[in-house]
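A.B. asks: Dropping in work37.txt, with compact mmCIF, C-alpha atoms.
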# COMPACT_ATOMS: atom_id res chain seq x y z
CA MET K 1 0.00 0.00 0.00
CA ARG K 2 1.28 3.49 -0.90
CA TYR K 3 2.12 5.96 1.82
CA ILE K 4 3.38 9.53 2.22
CA ASP K 5 5.86 10.57 4.91
CA PRO K 6 4.98 14.27 5.24
CA HIS K 7 7.86 15.20 7.57
CA ILE K 8 11.33 13.70 7.21
CA HIS K 9 14.80 15.26 7.03
CA MET K 10 16.43 13.35 4.22
CA VAL K 11 19.51 15.60 4.11
CA SER K 12 20.49 13.68 7.25
CA ARG K 13 19.72 10.23 5.89
CA THR K 14 21.51 7.85 3.55
CA THR K 15 20.49 6.77 0.08
CA ASP K 16 19.86 3.32 1.56
CA ASP K 17 17.03 4.92 3.55
CA TYR K 18 15.42 6.17 0.34
CA GLN K 19 15.64 2.63 -1.00
CA ARG K 20 14.12 1.07 2.13
CA MET K 21 11.32 3.66 2.19
CA ALA K 22 10.53 2.96 -1.47
CA LEU K 23 10.45 -0.77 -0.76
CA ALA K 24 8.01 -0.11 2.11
CA GLY K 25 5.62 1.78 -0.23
CA CYS K 26 6.67 5.41 0.18
CA VAL K 27 5.72 7.46 -2.89
CA ALA K 28 6.16 11.03 -1.65
CA ILE K 29 7.78 12.95 1.17
CA THR K 30 7.97 16.52 2.40
CA GLU K 31 11.11 17.88 4.07
CA PRO K 32 10.88 20.93 6.33
CA ALA K 33 13.90 23.16 6.88
CA PHE K 34 15.31 22.48 10.34
CA TRP K 35 18.25 22.76 12.73
CA ALA K 36 21.18 20.72 11.47
CA GLY K 37 22.41 19.80 14.96
CA PHE K 38 24.76 22.78 14.96
CA ASP K 39 24.35 26.52 14.40
CA ARG K 40 25.29 27.65 10.88
CA SER K 41 28.06 30.24 10.85
CA GLY K 42 26.31 32.54 8.38
CA PRO K 43 23.36 33.01 6.02
CA GLN K 44 25.37 31.46 3.17
CA GLY K 45 24.99 28.13 4.98
CA PHE K 46 21.23 28.48 4.56
CA PHE K 47 21.55 29.40 0.90
CA ASP K 48 23.40 26.12 0.39
CA TYR K 49 20.83 24.25 2.51
CA PHE K 50 17.87 25.67 0.56
CA THR K 51 19.65 24.70 -2.68
CA GLN K 52 20.07 21.18 -1.32
CA LEU K 53 16.36 21.02 -0.43
CA THR K 54 15.16 22.31 -3.80
CA LYS K 55 17.66 20.65 -6.14
CA THR K 56 19.78 17.85 -4.68
CA GLU K 57 17.22 15.96 -2.60
CA PRO K 58 14.47 15.87 -5.28
CA ALA K 59 16.96 14.18 -7.63
CA ARG K 60 18.13 11.73 -4.96
CA ALA K 61 14.52 10.79 -4.08
CA ALA K 62 13.42 10.48 -7.70
CA ALA K 63 16.00 7.75 -8.27
CA TYR K 64 13.80 5.58 -6.03
CA GLY K 65 10.46 6.74 -7.42
CA ILE K 66 9.78 9.03 -4.45
CA ARG K 67 8.49 12.56 -5.02
CA HIS K 68 10.35 15.08 -2.84
CA HIS K 69 8.88 18.38 -1.63
CA CYS K 70 10.16 20.88 0.91
CA TRP K 71 9.36 23.76 3.25
CA LEU K 72 11.64 26.75 3.83
CA CYS K 73 12.33 28.85 6.93
CA ILE K 74 14.75 29.74 9.69
CA ASN K 75 14.03 27.21 12.41
CA PRO K 76 13.25 28.34 15.98
CA LYS K 77 16.47 26.87 17.37
CA GLU K 78 18.43 29.44 15.35
CA ALA K 79 15.97 32.30 15.86
CA GLU K 80 17.36 33.66 19.13
CA ASP K 81 19.44 36.18 17.12
CA PRO K 82 16.79 38.20 15.20
CA GLY K 83 19.35 39.96 13.00
CA PHE K 84 20.77 36.69 11.78
CA ALA K 85 17.30 35.19 11.37
CA ARG K 86 16.17 38.12 9.22
CA GLU K 87 19.17 37.72 6.93
CA VAL K 88 18.15 34.09 6.38
CA MET K 89 14.50 35.04 5.86
CA GLY K 90 15.68 37.46 3.16
CA LEU K 91 16.87 34.47 1.14
CA ILE K 92 13.54 32.65 1.17
CA PRO K 93 11.49 34.58 -1.46
CA ASP K 94 14.00 33.70 -4.19
CA PHE K 95 13.40 29.99 -3.49
CA LEU K 96 9.62 30.03 -3.05
CA ASP K 97 8.89 29.50 -6.74
CA LYS K 98 11.03 26.36 -7.03
CA PRO K 99 8.77 23.53 -8.21
CA ASN K 100 9.00 21.37 -5.06
CA VAL K 101 8.42 24.12 -2.46
CA LEU K 102 5.17 23.79 -0.48
CA GLY K 103 5.38 26.70 1.94
CA ILE K 104 6.98 28.03 5.11
CA GLY K 105 8.14 25.53 7.73
CA GLU K 106 8.95 24.18 10.13
CA ILE K 107 8.47 27.43 11.99
CA GLY K 108 7.43 27.69 15.62
CA LEU K 109 8.97 27.96 19.05
CA ASN K 110 11.64 25.94 20.84
CA LYS K 111 12.16 27.39 24.34
CA ASN K 112 9.24 29.85 24.11
CA SER K 113 11.43 32.96 24.20
CA LYS K 114 10.60 36.51 23.14
CA ASN K 115 13.02 36.51 20.20
CA GLU K 116 11.70 33.18 18.96
CA MET K 117 8.21 34.71 18.98
CA VAL K 118 9.30 37.81 17.05
CA ILE K 119 10.77 35.66 14.27
CA LEU K 120 7.78 33.31 14.31
CA GLU K 121 5.42 36.25 13.77
CA GLU K 122 7.55 37.57 10.90
CA GLN K 123 7.57 34.16 9.20
CA ILE K 124 3.81 33.82 9.61
CA ALA K 125 3.56 37.20 7.86
CA LEU K 126 5.90 35.93 5.11
CA ALA K 127 3.62 32.95 4.50
CA SER K 128 0.62 35.24 4.43
CA GLN K 129 2.23 37.67 1.96
CA HIS K 130 3.03 34.81 -0.43
CA ASP K 131 -0.20 32.89 0.26
CA ARG K 132 1.69 29.75 1.30
CA LEU K 133 0.91 26.78 3.54
CA ILE K 134 2.53 26.71 6.98
CA LEU K 135 4.11 23.74 8.77
CA VAL K 136 4.62 24.33 12.50
CA HIS K 137 7.19 22.80 14.83
CA THR K 138 5.99 22.66 18.43
CA PRO K 139 8.50 22.57 21.29
CA HIS K 140 9.77 19.43 22.93
CA LEU K 141 8.74 17.77 26.18
CA GLU K 142 7.95 20.16 29.05
CA ASP K 143 7.82 23.16 26.69
CA LYS K 144 5.24 21.69 24.28
CA LEU K 145 1.98 22.56 26.05
CA LYS K 146 2.85 26.22 26.55
CA GLY K 147 4.50 26.58 23.14
CA THR K 148 1.59 25.04 21.26
CA LYS K 149 -0.84 27.53 22.82
CA LEU K 150 1.46 30.50 22.14
CA ILE K 151 2.00 29.45 18.50
CA MET K 152 -1.72 29.04 17.77
CA ASP K 153 -2.40 32.45 19.34
CA ALA K 154 0.33 34.02 17.18
CA ILE K 155 -1.09 32.54 13.98
CA MET K 156 -4.58 33.76 14.76
CA ARG K 157 -3.24 37.20 15.75
CA ASN K 158 -1.96 37.60 12.18
CA GLY K 159 -5.59 37.81 11.10
CA SER K 160 -5.15 36.58 7.53
CA ILE K 161 -4.27 32.91 8.04
CA ASP K 162 -6.84 30.15 7.48
CA PRO K 163 -6.13 27.48 10.13
CA GLY K 164 -7.09 24.87 7.54
CA ARG K 165 -3.89 25.81 5.70
CA VAL K 166 -1.67 25.28 8.77
CA LEU K 167 -0.42 21.97 10.11
CA ILE K 168 0.71 21.95 13.75
CA ASP K 169 3.21 19.13 14.10
CA HIS K 170 4.49 16.97 16.95
CA VAL K 171 1.14 16.89 18.79
CA GLU K 172 0.76 14.41 21.63
CA GLU K 173 -1.98 13.38 24.05
CA HIS K 174 -2.13 16.74 25.82
CA THR K 175 -2.10 18.99 22.73
CA VAL K 176 -3.90 17.15 19.93
CA SER K 177 -7.45 18.17 20.87
CA MET K 178 -6.69 21.87 21.37
CA VAL K 179 -5.10 21.98 17.90
CA LEU K 180 -7.97 20.21 16.15
CA ASP K 181 -10.61 22.17 18.09
CA ARG K 182 -9.18 25.44 16.70
CA GLY K 183 -9.47 24.21 13.10
CA PHE K 184 -5.80 23.44 12.43
CA TRP K 185 -4.44 20.22 10.97
CA ALA K 186 -2.30 18.16 13.33
CA GLY K 187 0.67 15.85 12.86
CA MET K 188 1.87 13.07 15.14
CA THR K 189 5.59 12.43 14.97
CA LEU K 190 6.72 8.85 15.51
CA TYR K 191 10.02 9.46 17.21
CA PRO K 192 11.70 7.38 19.91
CA ASP K 193 11.93 8.76 23.46
CA THR K 194 10.73 12.32 22.92
CA LYS K 195 7.54 12.10 20.85
CA CYS K 196 4.93 9.41 19.94
CA THR K 197 5.50 5.70 19.50
CA PRO K 198 3.48 3.94 16.77
CA GLN K 199 1.35 2.41 19.52
CA ARG K 200 0.56 5.74 21.18
CA ALA K 201 -0.22 7.31 17.81
CA ALA K 202 -2.70 4.49 17.14
CA ASP K 203 -4.19 5.12 20.59
CA ILE K 204 -4.62 8.83 19.80
CA PHE K 205 -6.42 8.02 16.52
CA GLU K 206 -8.78 5.80 18.51
CA MET K 207 -9.42 8.65 20.96
CA VAL K 208 -9.81 11.67 18.63
CA GLY K 209 -10.53 10.13 15.21
CA THR K 210 -8.75 10.58 11.87
CA GLU K 211 -10.06 13.96 10.67
CA ARG K 212 -7.27 16.50 9.91
CA LEU K 213 -4.63 14.26 11.51
CA TRP K 214 -1.57 12.52 10.03
CA ILE K 215 1.58 10.67 11.04
CA ASN K 216 5.18 11.28 10.10
CA SER K 217 8.63 10.00 11.06
CA ALA K 218 10.59 13.26 11.32
CA GLY K 219 13.58 11.02 10.65
CA ASP K 220 16.74 13.11 10.99
CA TRP K 221 20.32 13.03 12.31
CA GLY K 222 19.18 11.90 15.78
CA HIS K 223 17.89 8.57 17.05
CA SER K 224 14.94 8.19 14.67
CA ASP K 225 13.34 5.79 12.23
CA PRO K 226 12.65 6.58 8.56
CA LEU K 227 10.31 3.56 8.47
CA ALA K 228 8.20 4.73 11.40
CA VAL K 229 5.14 5.47 9.22
CA PRO K 230 4.88 1.93 7.77
CA LYS K 231 5.48 0.56 11.28
CA CYS K 232 2.49 2.54 12.56
CA ARG K 233 0.42 1.23 9.65
CA ILE K 234 1.34 -2.32 10.70
CA GLU K 235 0.39 -1.46 14.30
CA MET K 236 -3.04 -0.27 13.12
CA GLN K 237 -3.46 -3.38 10.96
CA HIS K 238 -2.46 -5.59 13.89
CA ARG K 239 -5.24 -4.06 15.98
CA GLY K 240 -7.82 -4.75 13.29
CA HIS K 241 -8.28 -1.28 11.78
CA THR K 242 -9.55 -1.26 8.20
CA PRO K 243 -7.35 -0.61 5.14
CA GLU K 244 -9.44 2.53 4.53
CA THR K 245 -8.59 3.93 7.97
CA ILE K 246 -4.92 3.10 7.55
CA SER K 247 -4.83 4.73 4.13
CA ARG K 248 -6.60 7.82 5.48
CA ILE K 249 -3.94 8.54 8.11
CA SER K 250 -0.91 7.76 5.97
CA TYR K 251 -1.92 8.75 2.44
CA ASP K 252 -5.32 10.40 1.99
CA ASN K 253 -5.00 13.01 4.76
CA PRO K 254 -1.50 14.17 3.74
CA LEU K 255 -2.68 14.32 0.13
CA ARG K 256 -5.66 16.47 1.13
CA PHE K 257 -3.69 18.98 3.18
CA LEU K 258 -0.62 19.18 0.95
CA GLY K 259 -2.78 19.35 -2.17
CA GLN K 260 -3.69 22.88 -1.13
CA ALA K 261 -0.13 23.97 -2.02
CA GLY K 262 -0.62 23.39 -5.74
CA THR K 263 2.91 21.99 -6.01
CA PHE K 264 2.40 18.64 -4.27
CA SER K 265 2.11 15.35 -6.14
CA ALA K 266 2.12 11.69 -5.12
CA ASP K 267 1.72 10.46 -8.69
CA PRO K 268 4.12 7.74 -9.87
CA ILE K 269 7.32 8.98 -11.49
CA GLN K 270 9.52 7.28 -14.02
CA THR K 271 12.84 6.04 -12.68
CA GLY K 272 16.12 5.15 -14.36
CA MET V 1 -13.51 5.75 16.85
CA GLN V 2 -14.47 2.45 18.46
CA PRO V 3 -11.35 0.27 18.82
CA PRO V 4 -11.74 -2.90 16.71
CA TYR V 5 -10.48 -5.20 19.48
CA THR V 6 -11.61 -6.55 22.83
CA PRO V 7 -9.89 -5.95 26.16
CA GLU V 8 -8.71 -9.56 26.10
CA ARG V 9 -7.17 -9.08 22.66
CA ALA V 10 -5.37 -5.92 23.82
CA ILE V 11 -4.00 -7.75 26.87
CA ASP V 12 -2.90 -10.69 24.72
CA LEU V 13 -1.14 -8.35 22.30
CA TYR V 14 0.59 -6.05 24.75
CA PHE V 15 0.88 -7.60 28.23
CA LEU V 16 4.39 -9.06 27.98
CA GLU V 17 5.80 -5.92 26.37
CA HIS V 18 4.39 -3.68 29.09
CA ARG V 19 5.25 -6.07 31.89
CA ALA V 20 8.85 -5.63 30.75
CA LYS V 21 8.44 -1.84 30.67
CA LEU V 22 7.06 -1.92 34.22
CA LEU V 23 10.16 -3.78 35.37
CA ASP V 24 12.27 -1.17 33.56
CA LEU V 25 10.56 1.55 35.62
CA ALA V 26 11.13 -0.31 38.87
CA SER V 27 14.73 -1.04 38.09
CA PHE V 28 15.37 2.59 37.03
CA ILE V 29 14.15 3.88 40.41
CA ASP V 30 16.20 1.21 42.22
CA ARG V 31 19.26 2.27 40.20
CA VAL V 32 18.94 5.93 41.16
CA GLU V 33 18.36 4.97 44.79
CA ARG V 34 21.32 2.55 44.85
CA ALA V 35 23.66 5.34 43.71
CA ASP V 36 23.04 7.06 47.06
CA PRO V 37 20.52 5.37 49.39
CA LYS V 38 20.41 8.45 51.66
CA ALA V 39 19.59 10.92 48.88
CA ASP V 40 16.12 12.41 48.54
CA LEU V 41 14.73 11.00 45.29
CA ARG V 42 12.32 13.90 45.01
CA ALA V 43 14.99 16.59 45.18
CA ASP V 44 15.37 16.49 41.39
CA PRO V 45 12.20 17.87 39.72
CA ARG V 46 12.41 15.16 37.08
CA MET V 47 12.22 12.41 39.70
CA ALA V 48 9.58 14.19 41.76
CA SER V 49 7.29 14.45 38.74
CA PHE V 50 8.19 10.92 37.67
CA LEU V 51 7.13 9.47 41.02
CA ASP V 52 3.90 11.49 40.96
CA ALA V 53 3.23 10.24 37.42
CA ILE V 54 3.37 6.67 38.71
CA GLU V 55 0.55 7.52 41.09
CA ILE V 56 -1.53 8.53 38.06
CA LEU V 57 -0.80 5.12 36.52
CA THR V 58 -2.24 3.30 39.49
CA GLY V 59 -5.36 5.49 39.84
CA ALA V 60 -8.80 4.58 38.56
CA ASP V 61 -9.31 7.69 36.40
CA SER V 62 -8.80 7.40 32.62
CA ALA V 63 -6.80 9.63 30.26
CA ARG V 64 -3.66 8.61 32.14
CA ALA V 65 -1.29 9.44 29.28
CA GLU V 66 -2.74 12.93 28.87
CA ARG V 67 -2.62 13.63 32.60
CA ILE V 68 1.00 12.46 32.82
CA GLN V 69 1.88 14.71 29.88
CA LEU V 70 0.30 17.64 31.74
CA LEU V 71 2.17 16.72 34.91
CA PHE V 72 5.49 16.96 33.05
CA SER V 73 4.58 20.28 31.36
CA ASP V 74 5.60 23.85 32.11
CA ARG V 75 2.24 25.44 32.97
CA SER V 76 3.39 29.07 32.84
CA ASP V 77 2.12 31.43 30.13
CA GLU V 78 4.85 34.04 29.75
CA LEU V 79 7.52 34.17 27.05
CA LEU V 80 11.07 33.87 28.40
CA ASP V 81 13.32 36.92 28.05
CA VAL V 82 16.09 34.74 26.60
CA ALA V 83 16.13 31.07 25.53
CA PRO V 84 18.21 29.14 28.11
CA GLY V 85 19.98 26.99 25.50
CA LYS V 86 18.21 24.69 23.06
CA GLY V 87 17.39 21.50 24.98
CA ALA V 88 14.53 20.28 27.18
CA ILE V 89 14.83 18.04 30.24
CA GLY V 90 11.45 16.29 30.08
CA ALA V 91 9.90 17.78 33.23
CA ASP V 92 9.09 21.25 34.50
CA PRO V 93 12.36 22.52 36.05
CA ASN V 94 10.22 24.39 38.60
CA TYR V 95 8.10 21.37 39.46
CA ASN V 96 9.18 21.28 43.10
CA ASP V 97 8.28 24.96 43.50
CA THR V 98 4.67 24.52 42.34
CA PRO V 99 3.01 22.07 44.74
CA SER V 100 -0.43 22.64 43.22
CA LYS V 101 0.63 20.96 39.99
CA ARG V 102 0.38 17.46 41.31
CA ALA V 103 -3.30 17.86 42.13
CA GLU V 104 -3.99 19.36 38.70
CA GLY V 105 -2.14 16.56 36.84
Please express what this file holds, its structure, as structure tokens.

C.D. replies:
Amino acid sequence: MRYIDPHIHMVSRTTDDYQRMALAGCVAITEPAFWAGFDRSGPQGFFDYFTQLTKTEPARAAAYGIRHHCWLCINPKEAEDPGFAREVMGLIPDFLDKPNVLGIGEIGLNKNSKNEMVILEEQIALASQHDRLILVHTPHLEDKLKGTKLIMDAIMRNGSIDPGRVLIDHVEEHTVSMVLDRGFWAGMTLYPDTKCTPQRAADIFEMVGTERLWINSAGDWGHSDPLAVPKCRIEMQHRGHTPETISRISYDNPLRFLGQAGTFSADPIQTG
Amino acid sequence: MQPPYTPERAIDLYFLEHRAKLLDLASFIDRVERADPKADLRADPRMASFLDAIEILTGADSARAERIQLLFSDRSDELLDVAPGKGAIGADPNYNDTPSKRAEG
């Protein structure tokens, strides 16, 4: 069965991972801009990164029949210096018209600081000016509850953003309902130790339903699993959920949200 | 969404895995205690909230996972003046200074 992994950082993964994902049924991915595990020394590092996301990775994915799409931003972990962040944001408009760009992301908060909020608000405005989708990173662990509320308030404060064009990612048991209740889409990240396991994600579907909710691996340079989405599908199957339900959470819902971008496709591509 | 399985099926599927996880919890607490048997386990906000979370596990009320998540969360509303680094520790660093949190969990 085909699936979409709507949040994975393939710049940190090997070509073998593309192959394994293709073998497991992956037909399309989206890759948000994120923190590389170290602070870049200057905006030029982001120019190179955005080039990698819009040129190198689509070619690498296509070799395995996987369609690659991306999101652009300065991530919240490098937003504590507003001057630096604004220099990076100045690079983004030149990349927005690349054919695999979906929108602005993953923007959000990390430690819920004032400078992070200033840059978040400016990137929300950037998405609004260019009429782009938004993918939101919510903070980790003890900072998630507070950060999720602050982020949703900031988006609504902008006044021109349709929550149906925003996906709030990394929701867990204590944040999923508040996100869905305010009309946003929500993503559950299947990530060892700090986010959801496949079992807990299946539990959350059973508690809140499948409307406006998807799963992703967020596979990156840390301890993570690029096959987490198919593993959650197997978990759902094991419990007796129908193929329609499993397809909805791992293919149909991502297709519906991402389809709003106008640049997303999960259609088969020719390889070789 | 109604789960498509019975309680018996869920127990059959998951009991052994979670029995092992329960022993992991017990052995983790023993390990911390063994490092210094005289130390106050609750002095560290992570352990204080951890031990309170275990009380939620053994209670009769449902939504245990959500209530444990809330127990581990920073409940303040204000933005920080400056980000104190990039990482998170997994529990509210001020947990031991907010005794009302446990009841709200």

A.B. asks: For V:Pro45, find every residue with an atom within 10 Å (counting all atoms listed in the file), except residues of its own chain fewer than 6 positions away, and show them as a ChimeraX atom specification.

C.D. replies: /V:51,72,89-97

A.B. asks: Take the selection from the previous step and output its residues with C-alpha atoms, as an mmCIF file, in the coordinates of the input.

C.D. replies:
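The resulting file, again21.cif, is reproduced below:
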data_model
loop_
_atom_site.group_PDB
_atom_site.id
_atom_site.type_symbol
_atom_site.label_atom_id
_atom_site.label_comp_id
_atom_site.auth_asym_id
_atom_site.auth_seq_id
_atom_site.Cartn_x
_atom_site.Cartn_y
_atom_site.Cartn_z
ATOM 1 C CA LEU V 51 7.130 9.470 41.020
ATOM 2 C CA PHE V 72 5.490 16.960 33.050
ATOM 3 C CA ILE V 89 14.830 18.040 30.240
ATOM 4 C CA GLY V 90 11.450 16.290 30.080
ATOM 5 C CA ALA V 91 9.900 17.780 33.230
ATOM 6 C CA ASP V 92 9.090 21.250 34.500
ATOM 7 C CA PRO V 93 12.360 22.520 36.050
ATOM 8 C CA ASN V 94 10.220 24.390 38.600
ATOM 9 C CA TYR V 95 8.100 21.370 39.460
ATOM 10 C CA ASN V 96 9.180 21.280 43.100
ATOM 11 C CA ASP V 97 8.280 24.960 43.500
#

A.B. asks: With only C-alpha atoms as the basis for distance, which of V:Glu55, V:Asp30, V:Asp44, V:Glu17 is at the shortest distance from chain K?

C.D. replies: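 With only C-alpha atoms as the atom set, the closest residue is V:Glu17.
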
A.B. asks: Provide the atom CA of K:Asn216 to atom CA of K:His170 distance in Å, to one decimal place.

C.D. replies: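 Calculated distance between atom CA of K:Asn216 and atom CA of K:His170 is 8.9 Å.
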
A.B. asks: Given only C-alpha atoms as the basis, pick out the residue of V:Leu22, V:Ser49, V:Glu33, V:Thr98 nearest to chain K.

C.D. replies: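 Closest to chain K, using only C-alpha atoms: V:Ser49.
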
A.B. asks: Which is closest to chain V among K:Gly37, K:Gly183, K:Pro226, K:Gly262, if we use all atoms listed in the file?

C.D. replies: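 Residue with the minimum atom-to-atom distance to chain V: K:Gly37.
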
A.B. asks: As an exercise, work out the distance from atom CA of K:Leu126 to atom CA of K:Gln260 in Å and give it to one decimal place.

C.D. replies: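 According to the coordinates, atom CA of K:Leu126 and atom CA of K:Gln260 are separated by 17.4 Å.
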
A.B. asks: Considering only C-alpha atoms, extract the chain V residues located within 10 Å of chain K and return them as a PyMOL selection string.

C.D. replies: chain V and resi 1-6+9-10+13-14+63-93

A.B. asks: I'd like the contact shell of K:Glu122 - 10 Å cut-off, all atoms listed in the file, skipping same-chain residues fewer than 5 positions apart - returned as a list in words.

C.D. replies: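 Here the answer would be Arg86, Met89, Met117, Ala127, Ser128 and Asn158 of chain K.
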
A.B. asks: Please, could you write that set of residues out with C-alpha atoms as a PDB file, in the frame of the given file?

C.D. replies:
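Heads up, here's the output in result_33.pdb:
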ATOM      1  CA  ARG K  86      16.170  38.120   9.220  1.00  0.00           C
ATOM      2  CA  MET K  89      14.500  35.040   5.860  1.00  0.00           C
ATOM      3  CA  MET K 117       8.210  34.710  18.980  1.00  0.00           C
ATOM      4  CA  ALA K 127       3.620  32.950   4.500  1.00  0.00           C
ATOM      5  CA  SER K 128       0.620  35.240   4.430  1.00  0.00           C
ATOM      6  CA  ASN K 158      -1.960  37.600  12.180  1.00  0.00           C
TER       7      ASN K 158
END

A.B. asks: Mind pulling up the distance from atom CA of V:Ile29 to atom CA of V:Leu57?

C.D. replies: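 Here the two named atoms are 15.5 Å from each other.
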
A.B. asks: Using only C-alpha atoms, which residue out of K:Asp81, K:Glu31, K:Asp5, K:Glu87 lies closest to K:Phe47?

C.D. replies: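 The shortest atom-to-atom distance to K:Phe47 comes from K:Glu87.
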
A.B. asks: Closest to K:His69 among K:Trp221, K:Phe50, K:Trp185, K:Phe84, using only C-alpha atoms?

C.D. replies: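 Nearest to K:His69: K:Phe50.
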
A.B. asks: Take every atom of stretch 218-234 of chain K listed in the file, pad by 8 Å on each side, and give me the axis-aligned box centre and edge lengths in Å, one decimal, as AutoDock Vina command-line options.

C.D. replies:
--center_x 10.4 --center_y 5.5 --center_z 12.4 --size_x 35.9 --size_y 31.6 --size_z 25.3

A.B. asks: Keeping C-alpha atoms (and nothing else), can you write stretch 39-85 of chain V of this structure as a JSON list (two decimals), in the first residue's frame?

C.D. replies:
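Result file is decode_13.json:
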[["chain", "number", "residue", "atom", "x", "y", "z"],
["V", 39, "ALA", "CA", 19.59, 10.92, 48.88],
["V", 40, "ASP", "CA", 16.12, 12.41, 48.54],
["V", 41, "LEU", "CA", 14.73, 11.00, 45.29],
["V", 42, "ARG", "CA", 12.32, 13.90, 45.01],
["V", 43, "ALA", "CA", 14.99, 16.59, 45.18],
["V", 44, "ASP", "CA", 15.37, 16.49, 41.39],
["V", 45, "PRO", "CA", 12.20, 17.87, 39.72],
["V", 46, "ARG", "CA", 12.41, 15.16, 37.08],
["V", 47, "MET", "CA", 12.22, 12.41, 39.70],
["V", 48, "ALA", "CA", 9.58, 14.19, 41.76],
["V", 49, "SER", "CA", 7.29, 14.45, 38.74],
["V", 50, "PHE", "CA", 8.19, 10.92, 37.67],
["V", 51, "LEU", "CA", 7.13, 9.47, 41.02],
["V", 52, "ASP", "CA", 3.90, 11.49, 40.96],
["V", 53, "ALA", "CA", 3.23, 10.24, 37.42],
["V", 54, "ILE", "CA", 3.37, 6.67, 38.71],
["V", 55, "GLU", "CA", 0.55, 7.52, 41.09],
["V", 56, "ILE", "CA", -1.53, 8.53, 38.06],
["V", 57, "LEU", "CA", -0.80, 5.12, 36.52],
["V", 58, "THR", "CA", -2.24, 3.30, 39.49],
["V", 59, "GLY", "CA", -5.36, 5.49, 39.84],
["V", 60, "ALA", "CA", -8.80, 4.58, 38.56],
["V", 61, "ASP", "CA", -9.31, 7.69, 36.40],
["V", 62, "SER", "CA", -8.80, 7.40, 32.62],
["V", 63, "ALA", "CA", -6.80, 9.63, 30.26],
["V", 64, "ARG", "CA", -3.66, 8.61, 32.14],
["V", 65, "ALA", "CA", -1.29, 9.44, 29.28],
["V", 66, "GLU", "CA", -2.74, 12.93, 28.87],
["V", 67, "ARG", "CA", -2.62, 13.63, 32.60],
["V", 68, "ILE", "CA", 1.00, 12.46, 32.82],
["V", 69, "GLN", "CA", 1.88, 14.71, 29.88],
["V", 70, "LEU", "CA", 0.30, 17.64, 31.74],
["V", 71, "LEU", "CA", 2.17, 16.72, 34.91],
["V", 72, "PHE", "CA", 5.49, 16.96, 33.05],
["V", 73, "SER", "CA", 4.58, 20.28, 31.36],
["V", 74, "ASP", "CA", 5.60, 23.85, 32.11],
["V", 75, "ARG", "CA", 2.24, 25.44, 32.97],
["V", 76, "SER", "CA", 3.39, 29.07, 32.84],
["V", 77, "ASP", "CA", 2.12, 31.43, 30.13],
["V", 78, "GLU", "CA", 4.85, 34.04, 29.75],
["V", 79, "LEU", "CA", 7.52, 34.17, 27.05],
["V", 80, "LEU", "CA", 11.07, 33.87, 28.40],
["V", 81, "ASP", "CA", 13.32, 36.92, 28.05],
["V", 82, "VAL", "CA", 16.09, 34.74, 26.60],
["V", 83, "ALA", "CA", 16.13, 31.07, 25.53],
["V", 84, "PRO", "CA", 18.21, 29.14, 28.11],
["V", 85, "GLY", "CA", 19.98, 26.99, 25.50]]
